[in-house]
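Worksheet: one structure, shown below.
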Amino acid sequence: MTFFKWSRTFAISRKEFFHIFRDPFTLGMAFVLPLLVVVIFGYAMEFNQNNVEVSFLDLDRSQSSRSLLEKMSSSNYFRLKQVRSPEEGMKSVKSDNSKAFIYVPPNFDKNIRSDVSEKIQVLIDGTDSAAAGVIQRYLIQITNNMSIEVHSNSRVSSTPFVSRYLFNPELNSKWFSIPGIMVVIMAILCTLLTSLTIAREWEKGSMELLLSTPVKPLEIILGKLFPYATLNIISVVTVYILARLWFDLPFRGSHIVFLFACFIFLAGYLALGLAISVILRQQLTAMQAAMIIGLLPTNLLSGFIFPVENMPQGFQWLASIFPVRWFMIVTRDQFLKGSSLVQLSFPIIAMGVASVILVSIAVVKFKGDLD
Amino acid sequence: MDSIIHLETSSISKAFGKTRALDNVSLKLKPGILHGLIGPSGAGKTTLMRCLMGLMSPQEGEVKYFTDNERRPFSKLRDYIAYMPQTQSLYADLSIKEHLEFFKEMYQIPSDEYEKRKKNLLEVTRLAQFEDRLAGQLSGGMYKKLGLMCSLLRNPKVLLLDEPTNGVDPISRREFWELLYDLKKSKVTILVATAYMDEAERCSFVHVLESGQLKNSGEPLHLLEKYQVSNFDEIFLKGSNNVI
């Protein structure tokens, strides 16, 4: 009876490397999938609004109203279209040609110079709430600037505050989404690839021979973790290079801290795939389970699209179970903010705990017999 | 370890749902000889093999392991028992050499010892020139020989082979059996499960398994006399009533 042996673990890893490099499917998944997903998501997941058609009706025709409209059209965000009546303006929003209708009342110029409250009316198409929010923000920004200018020339001084966005001054949505995509890709690749490996050995019958040798479950699990971790690190580097060079993302954190966090996250998600594989023993069901378990929480509960902070308390607790929620924080932080290891200790420890639990599940659930 | 290992099962039973794969099987594997486990498909041969290898545990009865007539726990003897499963269990995308190197590590064989055994095994199986060929590209006979090599690499005292010549051409089958005869000389206890009845006559001792029950054990000629048949096919052809 022998105990845990590194040499056996490495032999398993070596064999797994042979499988990976001789299987075009696995290699393709590891190299092509990340590139494809980043490019598709990078371009398709666009929260920024450019060149949005907005109709307007200017009944004031004063210097102020003209300069407001000029500011809007010169901002690049909006393409202005003049309408002749409020009805026509409403119709253009209804028919989906315009995203908003701006109505400038006859006394606009007079009113903004006094303290009369109703100055300008904006009707925004609310069917797409995300787009509506963005349009509103732009409009407010433009009108705010306008009122600063107007009031600086007059006696009245208002302007409650001027805001500036930190870390992502232009609120570029790619800066926000691409680090998120990186996390999603890692989570999917990890669970998917490892979910197949042990199931494959069961299906092909090689597990029977393997189990008749003195190899230990921990050696098999660890031996299978190394090659897939390497593969995933390669895909992380690919996405990183693409993000920096193609999408011009900054990286303000420490590469060492980020890599360290990557390894902790990888261990957990690779083990998750292995646990699925160990329990289900069939490639097809394992793959489906990996898709559901790996993909759904990654997209819905990680904060990738929907902020975890806005979820009901119960869902926040649920989201916290998944290491991907913590890794999302770390990754976005390292790209845009650059906090230190100490500042990130909570998410990293939370991830570490989850990873240890997942590896343990994979090892414990691994049955050394055919029953 | 130079001592002789032998195995026994005492009335083991194993059921999968309603199917009784093994029904009260008591069998003794005398050390150092070539045993045959014959029976038609579905007789329970594979289940018995898996129980002997500790890959399955019987629901009733137990498998006992002895060295020099002294009972030992399986974990102590596991390293001396080798098994070759019936299913294609090698890695199609790994070469012969890579298989041997992989199992060398699994069994923790020292390098100098490994080189010696590898050379010897490649020689007797005549696979030396195909060392770099992937298992998936080997012929049926060569594939089985590679499987045998992987189990022999650990220099076992007990060798359990589950239908090793299934689907192999007659020439390769004969070669395979010659390999087994060579092993017999080195006092290895071998159990070969087979559905080819003619192979039963090549064994020193035969166990007849049918529908999960051990119908008989004995030397081949002795058994033929007992059933009053000229070959082993007839035992099963005559119907299970006669197999008592």
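Convention: chains lettered A, B, ... in structure tokens order; per-chain residue numbering from 1; ligands numbered from 1 as shown.
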Per-residue nearest contacts chain B to chain A, cut-off 7 Å, using only C-alpha atoms, as CSV:
```
residue,atom,partner,partner_atom,distance
B:Met53,CA,A:Ser212,CA,6.9
B:Leu55,CA,A:Asp369,CA,4.5
B:Met56,CA,A:Asp371,CA,5.4
B:Ser75,CA,A:Met1,CA,6.2
B:Lys76,CA,A:Met1,CA,6.0
B:Asp79,CA,A:Pro214,CA,6.8
B:Tyr83,CA,A:Ser212,CA,6.5
B:Met84,CA,A:Leu209,CA,6.7
B:Pro85,CA,A:Leu209,CA,6.4
B:Thr87,CA,A:Gly205,CA,5.9
B:Gln88,CA,A:Gly205,CA,6.1
B:Ser89,CA,A:Ser206,CA,3.9
B:Leu90,CA,A:Ser206,CA,5.6
B:Tyr91,CA,A:Ser206,CA,6.9
B:Asp93,CA,A:His19,CA,6.6
B:Phe102,CA,A:Ala11,CA,5.9
B:Glu105,CA,A:Arg8,CA,5.4
B:Met106,CA,A:Arg8,CA,5.6
B:Tyr107,CA,A:Pro214,CA,6.5
```
Residues of stretch 183-229 of chain B that have any atom at most 7 Å from an atom of stretch 36-47 of chain B: could you tabulate them with the shortest-distance atom pair and the distance in Å to one decimal, using only C-alpha atoms, ordered by chain and increasing number, as a tab-separated table?
```
residue	atom	partner	partner_atom	distance
B:Leu191	CA	B:Gly36	CA	5.7
B:Val192	CA	B:Gly36	CA	4.9
B:Ala193	CA	B:Leu37	CA	4.4
B:Thr194	CA	B:Ile38	CA	5.2
B:Ala195	CA	B:Pro40	CA	5.4
B:Met197	CA	B:Ile38	CA	6.8
B:Ala200	CA	B:Gly36	CA	5.8
B:Cys203	CA	B:Gly36	CA	5.6
B:Phe205	CA	B:Gly36	CA	6.2
B:Val206	CA	B:Gly36	CA	4.6
B:His207	CA	B:Leu37	CA	4.9
B:Val208	CA	B:Ile38	CA	5.1
B:Leu209	CA	B:Gly39	CA	5.0
B:Glu210	CA	B:Ala43	CA	4.6
B:Ser211	CA	B:Ala43	CA	4.6
B:Gly212	CA	B:Gly44	CA	5.1
```
So that I can see what lies close to stretch 6-17 of chain B, please list as a ChimeraX atom specification the residues with an atom at most 12 Å from it, counting only C-alpha atoms and leaving out residues fewer than 6 positions away in the same chain. /A:371 /B:23-33,35,44-54,56-74,77-78,80-81,157-160,187-191,211-214
Applying 9 Å and only C-alpha atoms, which residues near A:Thr238 remain after dropping the ones on its own chain fewer than 3 positions away? List them as a list in words. Phe31, Pro34, Leu35, Ile233, Ile234, Ser235, Ile241, Leu242 and Ala243 of chain A
Might you pull out every residue within 9 Å of B:Arg133, with only C-alpha atoms counted and same-chain residues fewer than 6 positions away left off, and present them as a list in words? Leu94, Ser95, Ile96 and Lys97 of chain B
Mind writing the picked residues with C-alpha atoms as a PDB file, in the first residue's frame?
```pdb
ATOM      1  CA  LEU B  94      -1.426   7.311 -26.565  1.00  0.00           C
ATOM      2  CA  SER B  95       1.347   5.210 -28.100  1.00  0.00           C
ATOM      3  CA  ILE B  96       2.597   1.853 -26.816  1.00  0.00           C
ATOM      4  CA  LYS B  97       5.623   3.539 -25.278  1.00  0.00           C
TER       5      LYS B  97
END
```
Can you tell me which residues surround stretch 187-189 of chain A at a distance of at most 9 Å, considering only C-alpha atoms, apart from same-chain residues fewer than 6 positions away, and format the answer as a ChimeraX atom specification? /A:29-30,33-34,232,265-266,269-270,290-291,294-295,298,324
Include C-alpha atoms and write out the residues we just selected as a tab-separated table (two decimals), in the first residue's frame.
```tsv
chain	number	residue	atom	x	y	z
A	29	MET	CA	-12.27	25.24	-27.27
A	30	ALA	CA	-9.35	26.58	-25.29
A	33	LEU	CA	-13.68	30.12	-27.91
A	34	PRO	CA	-12.17	32.90	-25.75
A	232	ASN	CA	-7.04	28.20	-18.82
A	265	PHE	CA	-10.57	30.79	-8.90
A	266	LEU	CA	-9.36	28.23	-11.45
A	269	TYR	CA	-14.03	25.95	-11.03
A	270	LEU	CA	-11.88	23.15	-12.41
A	290	ALA	CA	-21.66	21.82	-16.63
A	291	MET	CA	-23.46	24.15	-19.03
A	294	GLY	CA	-21.26	26.73	-14.99
A	295	LEU	CA	-23.13	29.10	-17.25
A	298	THR	CA	-21.89	32.95	-14.06
A	324	VAL	CA	-17.42	33.72	-9.73
```
Which residues are close to stretch 52-65 of chain A, i.e. within 9 Å by only C-alpha atoms, leaving aside same-chain residues fewer than 6 positions away? Reply as a tab-separated table (two decimals) with N, CA and C atoms, in the first residue's frame.
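Result file follows (part_35.tsv):
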```tsv
chain	number	residue	atom	x	y	z
A	76	ASN	N	-22.38	64.25	-30.56
A	76	ASN	CA	-22.15	62.93	-31.14
A	76	ASN	C	-23.11	61.87	-30.64
A	77	TYR	N	-23.75	62.16	-29.49
A	77	TYR	CA	-24.66	61.18	-28.96
A	77	TYR	C	-25.99	61.22	-29.73
A	78	PHE	N	-26.36	62.43	-30.16
A	78	PHE	CA	-27.70	62.59	-30.73
A	78	PHE	C	-27.67	63.08	-32.17
A	79	ARG	N	-28.69	62.63	-32.90
A	79	ARG	CA	-28.92	63.15	-34.25
A	79	ARG	C	-30.30	63.81	-34.18
A	80	LEU	N	-30.36	65.11	-34.34
A	80	LEU	CA	-31.63	65.81	-34.12
A	80	LEU	C	-32.48	65.86	-35.37
A	81	LYS	N	-33.80	65.75	-35.14
A	81	LYS	CA	-34.74	65.81	-36.26
A	81	LYS	C	-35.86	66.76	-35.87
A	82	GLN	N	-36.09	67.74	-36.71
A	82	GLN	CA	-37.10	68.73	-36.36
A	82	GLN	C	-38.49	68.23	-36.75
A	83	VAL	N	-39.46	68.44	-35.84
A	83	VAL	CA	-40.85	68.11	-36.17
A	83	VAL	C	-41.68	69.39	-36.07
A	84	ARG	N	-42.92	69.34	-36.61
A	84	ARG	CA	-43.71	70.57	-36.70
A	84	ARG	C	-44.75	70.69	-35.61
A	85	SER	N	-45.10	69.58	-34.97
A	85	SER	CA	-46.12	69.67	-33.92
A	85	SER	C	-45.82	68.64	-32.85
A	86	PRO	N	-46.37	68.83	-31.65
A	86	PRO	CA	-46.17	67.84	-30.59
A	86	PRO	C	-46.66	66.46	-31.03
A	89	GLY	N	-44.15	64.77	-33.06
A	89	GLY	CA	-43.06	64.34	-32.19
A	89	GLY	C	-43.39	63.03	-31.51
A	90	MET	N	-44.62	62.94	-30.98
A	90	MET	CA	-45.04	61.70	-30.32
A	90	MET	C	-45.04	60.53	-31.29
A	92	SER	N	-43.22	60.12	-33.91
A	92	SER	CA	-41.87	59.67	-34.27
A	92	SER	C	-41.30	58.75	-33.19
A	93	VAL	N	-41.66	59.00	-31.92
A	93	VAL	CA	-41.18	58.11	-30.84
A	93	VAL	C	-41.92	56.79	-30.90
A	97	ASN	N	-38.71	55.55	-34.64
A	97	ASN	CA	-37.63	56.20	-35.37
A	97	ASN	C	-36.77	57.01	-34.40
A	98	SER	N	-37.46	57.72	-33.50
A	98	SER	CA	-36.74	58.53	-32.53
A	98	SER	C	-36.81	57.85	-31.15
A	99	LYS	N	-35.72	58.02	-30.39
A	99	LYS	CA	-35.70	57.44	-29.05
A	99	LYS	C	-36.27	58.42	-28.03
A	100	ALA	N	-36.34	59.69	-28.42
A	100	ALA	CA	-36.85	60.70	-27.50
A	100	ALA	C	-37.42	61.88	-28.27
A	101	PHE	N	-38.26	62.63	-27.59
A	101	PHE	CA	-38.84	63.83	-28.19
A	101	PHE	C	-38.63	64.97	-27.21
A	102	ILE	N	-37.99	66.03	-27.70
A	102	ILE	CA	-37.71	67.18	-26.84
A	102	ILE	C	-38.63	68.33	-27.24
A	103	TYR	N	-39.36	68.79	-26.25
A	103	TYR	CA	-40.30	69.88	-26.52
A	103	TYR	C	-39.81	71.14	-25.80
A	104	VAL	N	-39.45	72.14	-26.58
A	104	VAL	CA	-39.01	73.39	-25.99
A	104	VAL	C	-40.19	74.37	-26.04
A	105	PRO	N	-40.74	74.74	-24.88
A	105	PRO	CA	-41.93	75.61	-24.85
A	105	PRO	C	-41.61	77.04	-25.28
A	106	PRO	N	-42.62	77.83	-25.63
A	106	PRO	CA	-42.41	79.17	-26.18
A	106	PRO	C	-41.59	80.08	-25.27
A	107	ASN	N	-41.76	79.95	-23.95
A	107	ASN	CA	-41.10	80.91	-23.07
A	107	ASN	C	-39.81	80.40	-22.45
A	108	PHE	N	-39.18	79.46	-23.12
A	108	PHE	CA	-37.99	78.81	-22.57
A	108	PHE	C	-36.93	79.81	-22.14
A	109	ASP	N	-36.57	80.68	-23.05
A	109	ASP	CA	-35.48	81.63	-22.79
A	109	ASP	C	-35.80	82.50	-21.58
A	112	ILE	N	-35.79	80.28	-18.17
A	112	ILE	CA	-34.53	79.84	-17.54
A	112	ILE	C	-33.80	81.00	-16.90
A	135	ILE	N	-29.75	57.70	-22.23
A	135	ILE	CA	-30.14	58.92	-22.94
A	135	ILE	C	-30.43	60.04	-21.94
A	146	MET	N	-25.33	73.54	-19.79
A	146	MET	CA	-25.98	74.71	-20.36
A	146	MET	C	-26.38	75.69	-19.26
A	150	VAL	N	-25.41	79.58	-18.66
A	150	VAL	CA	-26.41	80.64	-18.62
A	150	VAL	C	-26.29	81.43	-17.32
```
What parts of stretch 11-224 of chain B does DSSP call helix (DSSP H, G or I)? I'd like the answer as a PyMOL selection string. chain B and resi 45-52+74-80+96-107+111-125+128-130+135-137+140-152+170-185+197-200+220-224
Please indicate the distance in Å from atom CA of A:Phe176 to atom CA of A:Leu336, rounded to one decimal place.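 Computing it gives 8.3 Å between the two atoms.
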Atom-to-atom span, atom CA of B:Gly140 and atom CA of B:Glu199, Å: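 Computed distance, atom CA of B:Gly140 to atom CA of B:Glu199, equals 17.7 Å.
Each of B:Ser172, B:Asp198, B:Phe103, B:Arg154 was checked against B:Glu234 using only C-alpha atoms; the smallest atom-to-atom distance is that of B:Asp198.
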Could you tell me how far atom CA of A:Val356 lies from atom CA of A:Ala267, in Å and to one decimal?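 Result for atom CA of A:Val356 versus atom CA of A:Ala267: 8.2 Å, one decimal.
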